[in-house]
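This is data.cif. It holds mmCIF, C-alpha atoms.
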```cif
data_query
#
loop_
_atom_site.group_PDB
_atom_site.id
_atom_site.type_symbol
_atom_site.label_atom_id
_atom_site.label_comp_id
_atom_site.auth_asym_id
_atom_site.auth_seq_id
_atom_site.Cartn_x
_atom_site.Cartn_y
_atom_site.Cartn_z
ATOM 1 C CA MET A 1 0.000 0.000 0.000
ATOM 2 C CA LYS A 2 1.329 3.454 -0.909
ATOM 3 C CA SER A 3 1.992 5.824 1.935
ATOM 4 C CA ALA A 4 3.753 9.128 2.493
ATOM 5 C CA GLU A 5 4.827 11.239 5.413
ATOM 6 C CA GLY A 6 3.507 14.782 5.541
ATOM 7 C CA ARG A 7 4.768 17.698 7.591
ATOM 8 C CA GLY A 8 3.179 21.040 8.219
ATOM 9 C CA ARG A 9 2.438 23.673 10.823
ATOM 10 C CA THR A 10 -1.082 22.324 11.245
ATOM 11 C CA LEU A 11 -2.687 18.910 10.817
ATOM 12 C CA ASP A 12 -4.423 20.045 7.628
ATOM 13 C CA GLU A 13 -1.170 21.330 6.143
ATOM 14 C CA ALA A 14 0.646 18.099 6.977
ATOM 15 C CA VAL A 15 -2.127 15.984 5.446
ATOM 16 C CA ASP A 16 -2.247 18.184 2.345
ATOM 17 C CA ALA A 17 1.533 17.860 1.891
ATOM 18 C CA ALA A 18 1.282 14.073 1.950
ATOM 19 C CA LEU A 19 -1.771 14.076 -0.341
ATOM 20 C CA ILE A 20 0.115 16.174 -2.911
ATOM 21 C CA GLU A 21 2.977 13.715 -2.830
ATOM 22 C CA LEU A 22 0.590 10.770 -3.219
ATOM 23 C CA LYS A 23 -1.631 12.582 -5.755
ATOM 24 C CA GLU A 24 -4.677 11.363 -3.860
ATOM 25 C CA SER A 25 -7.810 12.879 -2.334
ATOM 26 C CA ARG A 26 -8.731 12.699 1.346
ATOM 27 C CA ARG A 27 -11.529 10.205 0.842
ATOM 28 C CA ASN A 28 -9.082 7.602 -0.465
ATOM 29 C CA VAL A 29 -6.602 7.671 2.378
ATOM 30 C CA ASP A 30 -6.131 6.706 5.979
ATOM 31 C CA ILE A 31 -4.429 9.302 8.180
ATOM 32 C CA LYS A 32 -2.266 8.539 11.203
ATOM 33 C CA VAL A 33 -0.869 11.360 13.303
ATOM 34 C CA ILE A 34 2.749 10.586 14.198
ATOM 35 C CA SER A 35 3.393 13.711 16.226
ATOM 36 C CA GLU A 36 1.605 16.955 16.811
ATOM 37 C CA GLY A 37 3.321 19.954 18.332
ATOM 38 C CA SER A 38 2.938 23.699 18.389
ATOM 39 C CA GLU A 39 5.639 24.080 15.709
ATOM 40 C CA GLU A 40 5.113 21.099 13.469
ATOM 41 C CA THR A 41 2.706 18.230 12.866
ATOM 42 C CA ILE A 42 3.800 14.993 11.212
ATOM 43 C CA VAL A 43 1.331 12.525 9.709
ATOM 44 C CA GLU A 44 1.539 9.272 7.844
ATOM 45 C CA VAL A 45 -0.991 9.067 5.036
ATOM 46 C CA THR A 46 -1.744 5.666 3.530
ATOM 47 C CA VAL A 47 -3.759 5.110 0.376
ATOM 48 C CA ILE A 48 -6.696 2.782 0.860
ATOM 49 C CA ASP A 49 -6.329 0.080 -1.735
ATOM 50 C CA GLN A 50 -9.135 1.018 -4.127
ATOM 51 C CA ALA A 51 -8.188 -1.678 -6.603
ATOM 52 C CA ALA A 52 -8.412 -4.312 -3.912
ATOM 53 C CA GLY A 53 -12.126 -4.849 -4.421
ATOM 54 C CA SER A 54 -11.661 -6.061 -7.972
ATOM 55 C CA ALA A 55 -8.414 -7.877 -7.285
ATOM 56 C CA GLU A 56 -10.012 -9.617 -4.350
ATOM 57 C CA ALA A 57 -12.144 -11.840 -6.563
ATOM 58 C CA ALA A 58 -8.999 -13.626 -7.607
ATOM 59 C CA ALA A 59 -7.713 -13.903 -4.066
ATOM 60 C CA PRO A 60 -8.221 -17.118 -2.142
ATOM 61 C CA ALA A 61 -11.658 -16.984 -0.654
ATOM 62 C CA ASN A 62 -12.202 -17.003 3.080
ATOM 63 C CA GLY A 63 -15.015 -19.534 3.549
ATOM 64 C CA LYS A 64 -17.097 -17.507 5.961
ATOM 65 C CA ALA A 65 -16.592 -14.302 4.009
ATOM 66 C CA GLU A 66 -17.657 -16.017 0.803
ATOM 67 C CA ILE A 67 -20.793 -17.411 2.450
ATOM 68 C CA ALA A 68 -21.655 -13.930 3.712
ATOM 69 C CA ARG A 69 -20.931 -12.373 0.330
ATOM 70 C CA GLY A 70 -23.179 -14.889 -1.437
ATOM 71 C CA LEU A 71 -26.022 -14.352 1.032
ATOM 72 C CA VAL A 72 -25.892 -10.567 0.765
ATOM 73 C CA GLU A 73 -25.701 -10.769 -3.006
ATOM 74 C CA GLY A 74 -28.821 -12.983 -3.004
ATOM 75 C CA LEU A 75 -30.607 -10.672 -0.584
ATOM 76 C CA LEU A 76 -29.905 -7.626 -2.745
ATOM 77 C CA LYS A 77 -31.117 -9.502 -5.810
ATOM 78 C CA HIS A 78 -34.411 -10.267 -4.046
ATOM 79 C CA MET A 79 -34.650 -6.596 -3.121
ATOM 80 C CA GLY A 80 -34.213 -5.675 -6.774
ATOM 81 C CA VAL A 81 -30.968 -3.826 -6.091
ATOM 82 C CA ARG A 82 -28.296 -4.121 -8.760
ATOM 83 C CA ALA A 83 -25.011 -4.007 -6.932
ATOM 84 C CA GLN A 84 -21.697 -5.766 -6.650
ATOM 85 C CA VAL A 85 -20.694 -7.346 -3.348
ATOM 86 C CA THR A 86 -17.014 -7.930 -2.616
ATOM 87 C CA VAL A 87 -15.041 -8.966 0.426
ATOM 88 C CA ARG A 88 -12.624 -6.258 1.556
ATOM 89 C CA PRO A 89 -9.268 -7.990 1.712
ATOM 90 C CA GLY A 90 -7.127 -8.105 4.798
ATOM 91 C CA THR A 91 -9.726 -6.735 7.160
ATOM 92 C CA GLU A 92 -10.613 -8.014 10.570
ATOM 93 C CA PRO A 93 -13.560 -8.328 11.157
ATOM 94 C CA ILE A 94 -14.758 -9.539 7.754
ATOM 95 C CA THR A 95 -16.025 -6.546 5.795
ATOM 96 C CA LEU A 96 -18.339 -6.704 2.787
ATOM 97 C CA ASP A 97 -18.306 -3.811 0.340
ATOM 98 C CA ILE A 98 -21.435 -3.151 -1.683
ATOM 99 C CA SER A 99 -20.910 -0.974 -4.716
ATOM 100 C CA GLY A 100 -23.077 0.133 -7.593
ATOM 101 C CA ARG A 101 -25.085 3.063 -8.813
ATOM 102 C CA ASP A 102 -27.651 5.007 -6.804
ATOM 103 C CA LEU A 103 -27.223 3.061 -3.592
ATOM 104 C CA GLY A 104 -28.277 5.944 -1.353
ATOM 105 C CA ALA A 105 -31.427 4.034 -0.422
ATOM 106 C CA LEU A 106 -29.273 1.214 0.913
ATOM 107 C CA ILE A 107 -27.545 3.636 3.250
ATOM 108 C CA GLY A 108 -30.714 5.383 4.421
ATOM 109 C CA TRP A 109 -31.193 8.174 6.936
ATOM 110 C CA ARG A 110 -27.974 8.499 8.979
ATOM 111 C CA GLY A 111 -26.955 5.036 7.785
ATOM 112 C CA GLU A 112 -30.027 3.395 9.318
ATOM 113 C CA THR A 113 -30.784 1.094 6.387
ATOM 114 C CA LEU A 114 -27.140 0.101 6.118
ATOM 115 C CA ARG A 115 -27.113 -0.757 9.808
ATOM 116 C CA ALA A 116 -30.290 -2.825 9.390
ATOM 117 C CA LEU A 117 -28.713 -4.639 6.450
ATOM 118 C CA GLN A 118 -25.700 -5.427 8.599
ATOM 119 C CA SER A 119 -27.914 -6.839 11.355
ATOM 120 C CA VAL A 120 -29.787 -9.047 8.880
ATOM 121 C CA THR A 121 -26.480 -10.212 7.395
ATOM 122 C CA ASN A 122 -25.110 -11.166 10.794
ATOM 123 C CA VAL A 123 -28.268 -13.064 11.646
ATOM 124 C CA MET A 124 -28.130 -14.928 8.308
ATOM 125 C CA VAL A 125 -24.451 -15.798 8.632
ATOM 126 C CA GLY A 126 -24.536 -16.207 12.407
ATOM 127 C CA ARG A 127 -24.255 -19.987 12.537
ATOM 128 C CA HIS A 128 -21.042 -19.878 10.505
ATOM 129 C CA LEU A 129 -19.395 -17.372 12.835
ATOM 130 C CA GLU A 130 -17.481 -17.855 16.056
ATOM 131 C CA GLU A 131 -18.919 -16.336 19.215
ATOM 132 C CA GLY A 132 -18.357 -12.592 19.134
ATOM 133 C CA GLU A 133 -17.326 -12.643 15.477
ATOM 134 C CA ARG A 134 -19.170 -10.179 13.261
ATOM 135 C CA ILE A 135 -19.571 -9.178 9.651
ATOM 136 C CA ILE A 136 -19.324 -5.488 8.785
ATOM 137 C CA VAL A 137 -21.330 -4.289 5.795
ATOM 138 C CA ASP A 138 -20.364 -1.100 3.991
ATOM 139 C CA VAL A 139 -22.097 0.588 1.068
ATOM 140 C CA GLU A 140 -19.945 2.713 -1.238
ATOM 141 C CA ARG A 141 -17.453 2.956 1.636
ATOM 142 C CA TYR A 142 -19.971 5.121 3.546
ATOM 143 C CA ARG A 143 -18.953 3.659 6.885
ATOM 144 C CA GLN A 144 -15.256 4.018 6.143
ATOM 145 C CA ARG A 145 -15.726 7.633 5.051
ATOM 146 C CA ARG A 146 -17.687 8.373 8.236
ATOM 147 C CA GLU A 147 -14.902 6.863 10.304
ATOM 148 C CA HIS A 148 -12.356 9.042 8.526
ATOM 149 C CA THR A 149 -14.525 12.111 9.017
ATOM 150 C CA VAL A 150 -15.032 11.538 12.730
ATOM 151 C CA ARG A 151 -11.314 10.857 13.170
ATOM 152 C CA GLU A 152 -10.601 14.245 11.624
ATOM 153 C CA ILE A 153 -13.201 15.808 13.907
ATOM 154 C CA ALA A 154 -11.464 14.112 16.837
ATOM 155 C CA MET A 155 -8.071 15.494 15.823
ATOM 156 C CA ARG A 156 -9.466 19.011 15.473
ATOM 157 C CA ALA A 157 -11.173 18.742 18.851
ATOM 158 C CA ALA A 158 -7.942 17.478 20.421
ATOM 159 C CA ARG A 159 -5.997 20.447 19.024
ATOM 160 C CA GLN A 160 -8.579 22.870 20.366
ATOM 161 C CA VAL A 161 -8.557 21.188 23.791
ATOM 162 C CA LYS A 162 -4.766 21.468 23.904
ATOM 163 C CA MET A 163 -4.947 25.165 23.033
ATOM 164 C CA THR A 164 -7.752 26.156 25.396
ATOM 165 C CA GLY A 165 -7.608 23.520 28.108
ATOM 166 C CA ASP A 166 -11.400 23.257 27.956
ATOM 167 C CA ALA A 167 -13.329 20.068 27.240
ATOM 168 C CA ILE A 168 -15.374 19.841 24.038
ATOM 169 C CA THR A 169 -18.606 17.910 23.599
ATOM 170 C CA LEU A 170 -19.108 16.591 20.071
ATOM 171 C CA ASP A 171 -22.385 15.888 18.278
ATOM 172 C CA ALA A 172 -24.325 12.701 19.012
ATOM 173 C CA MET A 173 -22.763 9.795 17.168
ATOM 174 C CA GLN A 174 -23.304 6.126 16.513
ATOM 175 C CA PRO A 175 -21.283 3.553 18.485
ATOM 176 C CA PHE A 176 -18.866 2.768 15.630
ATOM 177 C CA GLU A 177 -18.177 6.489 15.223
ATOM 178 C CA ARG A 178 -17.559 6.976 18.938
ATOM 179 C CA ARG A 179 -15.304 3.968 18.907
ATOM 180 C CA ALA A 180 -13.302 5.476 16.023
ATOM 181 C CA ILE A 181 -12.821 8.651 18.067
ATOM 182 C CA HIS A 182 -11.754 6.813 21.218
ATOM 183 C CA LEU A 183 -9.254 4.785 19.180
ATOM 184 C CA ALA A 184 -7.946 7.895 17.404
ATOM 185 C CA LEU A 185 -7.267 9.682 20.684
ATOM 186 C CA GLU A 186 -6.211 6.835 22.954
ATOM 187 C CA GLY A 187 -2.526 7.332 22.179
ATOM 188 C CA ASP A 188 -2.586 11.078 22.745
ATOM 189 C CA PRO A 189 -0.839 11.882 26.018
ATOM 190 C CA ASP A 190 -2.529 15.278 26.377
ATOM 191 C CA VAL A 191 -6.204 14.552 25.808
ATOM 192 C CA THR A 192 -8.703 11.965 26.868
ATOM 193 C CA SER A 193 -12.114 10.984 25.505
ATOM 194 C CA GLY A 194 -15.249 9.730 27.208
ATOM 195 C CA SER A 195 -18.958 9.667 26.442
ATOM 196 C CA ILE A 196 -22.002 11.176 28.053
ATOM 197 C CA GLY A 197 -25.752 10.894 27.556
ATOM 198 C CA GLU A 198 -27.997 8.076 26.499
ATOM 199 C CA GLU A 199 -28.461 6.424 23.130
ATOM 200 C CA PRO A 200 -29.222 7.640 20.560
ATOM 201 C CA GLU A 201 -28.024 11.032 21.868
ATOM 202 C CA ARG A 202 -24.775 9.766 23.321
ATOM 203 C CA ARG A 203 -21.884 12.178 22.701
ATOM 204 C CA VAL A 204 -18.142 12.016 22.964
ATOM 205 C CA VAL A 205 -16.427 14.519 25.244
ATOM 206 C CA VAL A 206 -12.798 15.329 24.497
ATOM 207 C CA GLY A 207 -10.986 16.890 27.417
ATOM 208 C CA PRO A 208 -7.502 17.517 28.765
ATOM 209 C CA ARG A 209 -5.855 14.476 30.291
ATOM 210 C CA LYS A 210 -5.289 15.003 33.980
ATOM 211 C CA PRO A 211 -1.836 14.123 35.263
ATOM 212 C CA ALA A 212 -1.771 10.793 37.054
ATOM 213 C CA ALA A 213 -1.914 11.121 40.830
ATOM 214 C CA GLU A 214 1.432 10.469 42.404
ATOM 215 C CA MET B 215 -48.261 12.061 19.019
ATOM 216 C CA PRO B 216 -47.264 10.829 15.542
ATOM 217 C CA GLY B 217 -43.739 9.561 15.155
ATOM 218 C CA ARG B 218 -43.125 9.092 18.860
ATOM 219 C CA ALA B 219 -43.359 5.331 18.582
ATOM 220 C CA ALA B 220 -40.731 5.402 15.837
ATOM 221 C CA GLU B 221 -38.562 7.581 18.023
ATOM 222 C CA ARG B 222 -38.804 5.087 20.877
ATOM 223 C CA ILE B 223 -38.124 2.134 18.609
ATOM 224 C CA ARG B 224 -35.052 3.957 17.295
ATOM 225 C CA LYS B 225 -33.885 4.454 20.866
ATOM 226 C CA ALA B 226 -34.253 0.735 21.546
ATOM 227 C CA ILE B 227 -32.369 -0.022 18.307
ATOM 228 C CA ALA B 228 -29.594 2.368 19.290
ATOM 229 C CA LEU B 229 -29.194 0.558 22.614
ATOM 230 C CA VAL B 230 -29.022 -2.824 20.904
ATOM 231 C CA ASN B 231 -26.590 -1.525 18.283
ATOM 232 C CA SER B 232 -24.336 -0.107 20.941
ATOM 233 C CA VAL B 233 -24.103 -3.624 22.392
ATOM 234 C CA ALA B 234 -23.431 -5.123 18.948
ATOM 235 C CA ASP B 235 -20.949 -2.468 17.821
ATOM 236 C CA ASP B 236 -19.307 -2.099 21.218
ATOM 237 C CA ALA B 237 -18.086 1.472 21.280
ATOM 238 C CA GLY B 238 -16.406 0.527 24.532
ATOM 239 C CA ASP B 239 -17.746 3.531 26.395
ATOM 240 C CA GLU B 240 -20.891 2.231 28.032
ATOM 241 C CA ASP B 241 -22.337 -0.836 29.595
ATOM 242 C CA ILE B 242 -25.838 -1.690 28.394
ATOM 243 C CA THR B 243 -27.681 -4.464 30.194
ATOM 244 C CA PRO B 244 -30.446 -6.647 28.721
ATOM 245 C CA THR B 245 -32.744 -5.129 31.337
ATOM 246 C CA GLU B 246 -32.216 -1.661 29.852
ATOM 247 C CA ILE B 247 -32.964 -2.947 26.364
ATOM 248 C CA ALA B 248 -36.065 -4.750 27.599
ATOM 249 C CA GLU B 249 -37.224 -1.557 29.311
ATOM 250 C CA ALA B 250 -36.768 0.421 26.104
ATOM 251 C CA ILE B 251 -38.850 -2.128 24.186
ATOM 252 C CA ARG B 252 -41.555 -2.101 26.876
ATOM 253 C CA ASP B 253 -41.654 1.700 26.545
ATOM 254 C CA CYS B 254 -42.457 1.167 22.861
ATOM 255 C CA LEU B 255 -45.171 -1.372 23.652
ATOM 256 C CA GLU B 256 -46.865 1.100 25.976
ATOM 257 C CA MET B 257 -47.569 3.479 23.100
ATOM 258 C CA SER B 258 -51.023 3.342 21.531
ATOM 259 C CA GLU B 259 -49.509 4.016 18.104
ATOM 260 C CA VAL B 260 -48.134 0.500 17.910
ATOM 261 C CA ASP B 261 -51.681 -0.856 17.713
ATOM 262 C CA GLN B 262 -52.629 1.388 14.815
ATOM 263 C CA VAL B 263 -50.378 -0.403 12.355
ATOM 264 C CA ALA B 264 -50.412 -4.133 11.688
ATOM 265 C CA ASN B 265 -47.543 -6.251 13.008
ATOM 266 C CA VAL B 266 -45.747 -3.525 14.961
ATOM 267 C CA ARG B 267 -46.807 -4.915 18.341
ATOM 268 C CA LYS B 268 -46.066 -8.444 17.128
ATOM 269 C CA TYR B 269 -42.484 -7.554 16.139
ATOM 270 C CA LEU B 270 -41.871 -5.625 19.344
ATOM 271 C CA GLY B 271 -43.141 -8.614 21.338
ATOM 272 C CA GLU B 272 -40.774 -10.877 19.419
ATOM 273 C CA ALA B 273 -37.897 -8.517 20.113
ATOM 274 C CA LEU B 274 -38.722 -8.539 23.826
ATOM 275 C CA ASP B 275 -38.843 -12.345 23.804
ATOM 276 C CA ALA B 276 -35.493 -12.400 21.997
ATOM 277 C CA VAL B 277 -33.930 -10.254 24.720
ATOM 278 C CA SER B 278 -35.372 -12.512 27.422
ATOM 279 C CA ASP B 279 -34.084 -15.593 25.599
ATOM 280 C CA GLY B 280 -30.584 -14.112 25.350
ATOM 281 C CA MET B 281 -30.625 -14.046 21.548
ATOM 282 C CA PRO B 282 -27.760 -12.206 19.810
ATOM 283 C CA ALA B 283 -27.992 -8.425 19.635
ATOM 284 C CA ASP B 284 -28.224 -8.540 15.838
ATOM 285 C CA PHE B 285 -31.323 -10.726 16.025
ATOM 286 C CA VAL B 286 -32.992 -8.294 18.421
ATOM 287 C CA ALA B 287 -31.963 -5.371 16.215
ATOM 288 C CA MET B 288 -33.334 -7.080 13.099
ATOM 289 C CA THR B 289 -36.708 -7.632 14.789
ATOM 290 C CA LEU B 290 -36.823 -4.011 15.946
ATOM 291 C CA TYR B 291 -35.992 -2.840 12.434
ATOM 292 C CA ALA B 292 -38.929 -4.957 11.246
ATOM 293 C CA ALA B 293 -41.175 -3.099 13.695
ATOM 294 C CA LEU B 294 -39.821 0.246 12.503
ATOM 295 C CA GLY B 295 -40.318 -0.782 8.885
ATOM 296 C CA ALA B 296 -43.902 -1.882 9.569
ATOM 297 C CA LEU B 297 -44.608 1.442 11.242
ATOM 298 C CA ARG B 298 -43.190 3.294 8.256
ATOM 299 C CA GLU B 299 -45.157 1.192 5.757
ATOM 300 C CA GLY B 300 -48.267 1.692 7.867
ATOM 301 C CA GLY B 301 -48.023 5.386 7.132
ATOM 302 C CA SER B 302 -47.223 6.569 10.620
ATOM 303 C CA LEU B 303 -44.849 9.516 10.539
ATOM 304 C CA VAL B 304 -41.352 8.199 11.087
#
```
Representation of the structure as structure tokens:
Amino acid sequence: MKSAEGRGRTLDEAVDAALIELKESRRNVDIKVISEGSEETIVEVTVIDQAAGSAEAAAPANGKAEIARGLVEGLLKHMGVRAQVTVRPGTEPITLDISGRDLGALIGWRGETLRALQSVTNVMVGRHLEEGERIIVDVERYRQRREHTVREIAMRAARQVKMTGDAITLDAMQPFERRAIHLALEGDPDVTSGSIGEEPERRVVVGPRKPAAE
Amino acid sequence: MPGRAAERIRKAIALVNSVADDAGDEDITPTEIAEAIRDCLEMSEVDQVANVRKYLGEALDAVSDGMPADFVAMTLYAALGALREGGSLV
């Protein structure tokens, strides 16, 4: 997978520098912050393997993934949706990518239909899965894009918290989005993340990390 | 009030999904999920559209039986879908 290191005064500048080197757009990359200081921010930007979906068909099939792929393909056919279902290679948990034209209806309001589709898929494939194992369903990389977006939001919030010292409460998010934020910030020594409120209005709070009691 | 049943079903779904997706920042018990579904069943709206009460009852049974979160979520989505098809504002 292609990757590049980017440096800049701000996170955006560092990401842009790497994107220019890679000749890629933000939606096609994964961004990892290596260091962030007041003078310079360094990021590692990795291109998400867009060609993997088509190359994957030739790859050796994971039995469970193939069963899931076949079931979802059949389900979509019954729904009258013309779409291609592929297994995203090298992902844990197993992730199915659905691609095609005009699939907005499969995503639904705030990803509700997509989430329902994922539940149905897991119920259908359930007996082939180990306990706790799950299948992730993504339509036109909606879920992946959302994860990238919320990670960027998390980074911005972290920068602001470091500058002001005040905690920030983000908008209500779904569990997978909150999880992406917690994971994005867990390695940051200066900020901490937690959640408040009740579903579906549960929100992440990013605040300064208090020094450990001695 | 139209749409309130849908709102409550969505809340129950969100609780179940948070168990399935495991954001790692809360601890939802089956009792809380069951309570959220019972809140839905208490609404008169669920009797105005065919099958909504039936699906909610099945979801409640699934929670009691310890069925996987995805199964409960799927049944709740069925209730939400029935409500939407029944013309109730969702």
Distance limit 10 Å, atoms considered: all atoms listed in the file. Which chain A residues sit that close to chain B? Return them as a CSV table (one decimal) with C-alpha atoms, keeping the file's coordinate frame.
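As written to disk, iface11.csv reads:
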```csv
chain,number,residue,atom,x,y,z
A,112,GLU,CA,-30.0,3.4,9.3
A,113,THR,CA,-30.8,1.1,6.4
A,115,ARG,CA,-27.1,-0.8,9.8
A,116,ALA,CA,-30.3,-2.8,9.4
A,117,LEU,CA,-28.7,-4.6,6.4
A,118,GLN,CA,-25.7,-5.4,8.6
A,119,SER,CA,-27.9,-6.8,11.4
A,120,VAL,CA,-29.8,-9.0,8.9
A,121,THR,CA,-26.5,-10.2,7.4
A,122,ASN,CA,-25.1,-11.2,10.8
A,123,VAL,CA,-28.3,-13.1,11.6
A,124,MET,CA,-28.1,-14.9,8.3
A,126,GLY,CA,-24.5,-16.2,12.4
A,131,GLU,CA,-18.9,-16.3,19.2
A,132,GLY,CA,-18.4,-12.6,19.1
A,134,ARG,CA,-19.2,-10.2,13.3
A,136,ILE,CA,-19.3,-5.5,8.8
A,174,GLN,CA,-23.3,6.1,16.5
A,175,PRO,CA,-21.3,3.6,18.5
A,176,PHE,CA,-18.9,2.8,15.6
A,177,GLU,CA,-18.2,6.5,15.2
A,178,ARG,CA,-17.6,7.0,18.9
A,179,ARG,CA,-15.3,4.0,18.9
A,180,ALA,CA,-13.3,5.5,16.0
A,181,ILE,CA,-12.8,8.7,18.1
A,182,HIS,CA,-11.8,6.8,21.2
A,183,LEU,CA,-9.3,4.8,19.2
A,193,SER,CA,-12.1,11.0,25.5
A,194,GLY,CA,-15.2,9.7,27.2
A,195,SER,CA,-19.0,9.7,26.4
A,196,ILE,CA,-22.0,11.2,28.1
A,197,GLY,CA,-25.8,10.9,27.6
A,198,GLU,CA,-28.0,8.1,26.5
A,199,GLU,CA,-28.5,6.4,23.1
A,200,PRO,CA,-29.2,7.6,20.6
A,201,GLU,CA,-28.0,11.0,21.9
A,202,ARG,CA,-24.8,9.8,23.3
A,204,VAL,CA,-18.1,12.0,23.0
```
Skipping near chain neighbours, those fewer than 2 positions away, what residues fall within 8 Å of range 246-253 of chain B using only C-alpha atoms, listed as a PyMOL selection string? chain B and resi 222-223+225-226+229-230+242-244+255-257+270+273-274+277-278
Written file, previous selection with C-alpha atoms, as a PDB file, keeping the file's coordinate frame:
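Writing the result to part16.pdb gives the following:
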```pdb
ATOM      1  CA  ARG B 222     -38.804   5.087  20.877  1.00  0.00           C
ATOM      2  CA  ILE B 223     -38.124   2.134  18.609  1.00  0.00           C
ATOM      3  CA  LYS B 225     -33.885   4.454  20.866  1.00  0.00           C
ATOM      4  CA  ALA B 226     -34.253   0.735  21.546  1.00  0.00           C
ATOM      5  CA  LEU B 229     -29.194   0.558  22.614  1.00  0.00           C
ATOM      6  CA  VAL B 230     -29.022  -2.824  20.904  1.00  0.00           C
ATOM      7  CA  ILE B 242     -25.838  -1.690  28.394  1.00  0.00           C
ATOM      8  CA  THR B 243     -27.681  -4.464  30.194  1.00  0.00           C
ATOM      9  CA  PRO B 244     -30.446  -6.647  28.721  1.00  0.00           C
ATOM     10  CA  LEU B 255     -45.171  -1.372  23.652  1.00  0.00           C
ATOM     11  CA  GLU B 256     -46.865   1.100  25.976  1.00  0.00           C
ATOM     12  CA  MET B 257     -47.569   3.479  23.100  1.00  0.00           C
ATOM     13  CA  LEU B 270     -41.871  -5.625  19.344  1.00  0.00           C
ATOM     14  CA  ALA B 273     -37.897  -8.517  20.113  1.00  0.00           C
ATOM     15  CA  LEU B 274     -38.722  -8.539  23.826  1.00  0.00           C
ATOM     16  CA  VAL B 277     -33.930 -10.254  24.720  1.00  0.00           C
ATOM     17  CA  SER B 278     -35.372 -12.512  27.422  1.00  0.00           C
TER      18      SER B 278
END
```
Any chance you could resolve the PyMOL selection byres ((chain A and resi 89-105) around 7) against this file and give the residues as a CSV table (one decimal) with C-alpha atoms, keeping the file's coordinate frame?
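So the final result, stored in result-v7.csv, reads:
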```
chain,number,residue,atom,x,y,z
A,52,ALA,CA,-8.4,-4.3,-3.9
A,56,GLU,CA,-10.0,-9.6,-4.4
A,65,ALA,CA,-16.6,-14.3,4.0
A,69,ARG,CA,-20.9,-12.4,0.3
A,82,ARG,CA,-28.3,-4.1,-8.8
A,83,ALA,CA,-25.0,-4.0,-6.9
A,84,GLN,CA,-21.7,-5.8,-6.6
A,85,VAL,CA,-20.7,-7.3,-3.3
A,86,THR,CA,-17.0,-7.9,-2.6
A,87,VAL,CA,-15.0,-9.0,0.4
A,88,ARG,CA,-12.6,-6.3,1.6
A,106,LEU,CA,-29.3,1.2,0.9
A,107,ILE,CA,-27.5,3.6,3.2
A,108,GLY,CA,-30.7,5.4,4.4
A,134,ARG,CA,-19.2,-10.2,13.3
A,135,ILE,CA,-19.6,-9.2,9.7
A,136,ILE,CA,-19.3,-5.5,8.8
A,137,VAL,CA,-21.3,-4.3,5.8
A,138,ASP,CA,-20.4,-1.1,4.0
A,139,VAL,CA,-22.1,0.6,1.1
A,140,GLU,CA,-19.9,2.7,-1.2
A,141,ARG,CA,-17.5,3.0,1.6
```
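CA of Glu21 in chain A sits 19.6 Å away from CA of His148 in chain A.
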Once the PyMOL selection byres ((chain A and resi 155) around 9) is applied to the coordinates I shared, what remains selected? I want it as a VMD selection string. chain A and resid 11 33 150 to 154 156 to 160 181 184 to 185
Between CA of Ile48 in chain A and CA of Ala18 in chain A, what distance in Å does the model show, to one decimal? 13.9 Å
Return as AutoDock Vina command-line options the box centre and box size in Å, one decimal, for an axis-aligned box around all listed atoms of range 215-229 of chain B padded by 3 Å per side.
```
--center_x -38.7 --center_y 6.0 --center_z 18.9 --size_x 25.1 --size_y 18.1 --size_z 13.5
```
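If you look at CA of Gly300 in chain B and CA of Val81 in chain A, they are 22.9 Å away from each other.
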Determine, counting only C-alpha atoms, which protein, DNA and RNA residues have an atom within 9 Å of an atom of Val260 in chain B; residues of the same chain fewer than 6 positions away are not included. Present the result as a ChimeraX atom specification. /B:219,254,266-267,270,293,297
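Among the candidates A:Glu13, A:Ile20, A:Lys64, A:Arg7, the residue lying nearest to Ser35 in chain A is A:Arg7 (atoms considered: only C-alpha atoms).
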Expansion of the PyMOL selection byres ((chain A and resi 210) around 10) into residues, as a short mmCIF file (atom, residue, chain, number, x, y, z; two decimals) with C-alpha atoms, in the coordinates of the input:
```
data_model
loop_
_atom_site.label_atom_id
_atom_site.label_comp_id
_atom_site.auth_asym_id
_atom_site.auth_seq_id
_atom_site.Cartn_x
_atom_site.Cartn_y
_atom_site.Cartn_z
CA PRO A 189 -0.84 11.88 26.02
CA ASP A 190 -2.53 15.28 26.38
CA VAL A 191 -6.20 14.55 25.81
CA THR A 192 -8.70 11.96 26.87
CA GLY A 207 -10.99 16.89 27.42
CA PRO A 208 -7.50 17.52 28.76
CA ARG A 209 -5.86 14.48 30.29
CA PRO A 211 -1.84 14.12 35.26
CA ALA A 212 -1.77 10.79 37.05
CA ALA A 213 -1.91 11.12 40.83
#
```
Range 229-233 of chain B rebuilt with N, CA and C atoms, output as a JSON list (two decimals), keeping the file's coordinate frame:
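File selection_26.json, as written:
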```json
[["chain", "number", "residue", "atom", "x", "y", "z"],
["B", 229, "LEU", "N", -29.75, 1.28, 21.46],
["B", 229, "LEU", "CA", -29.19, 0.56, 22.61],
["B", 229, "LEU", "C", -28.66, -0.80, 22.18],
["B", 230, "VAL", "N", -29.44, -1.49, 21.36],
["B", 230, "VAL", "CA", -29.02, -2.82, 20.90],
["B", 230, "VAL", "C", -27.77, -2.70, 20.04],
["B", 231, "ASN", "N", -27.76, -1.71, 19.15],
["B", 231, "ASN", "CA", -26.59, -1.52, 18.28],
["B", 231, "ASN", "C", -25.34, -1.19, 19.08],
["B", 232, "SER", "N", -25.53, -0.46, 20.16],
["B", 232, "SER", "CA", -24.34, -0.11, 20.94],
["B", 232, "SER", "C", -23.75, -1.36, 21.59],
["B", 233, "VAL", "N", -24.61, -2.34, 21.88],
["B", 233, "VAL", "CA", -24.10, -3.62, 22.39],
["B", 233, "VAL", "C", -23.38, -4.36, 21.26]]
```
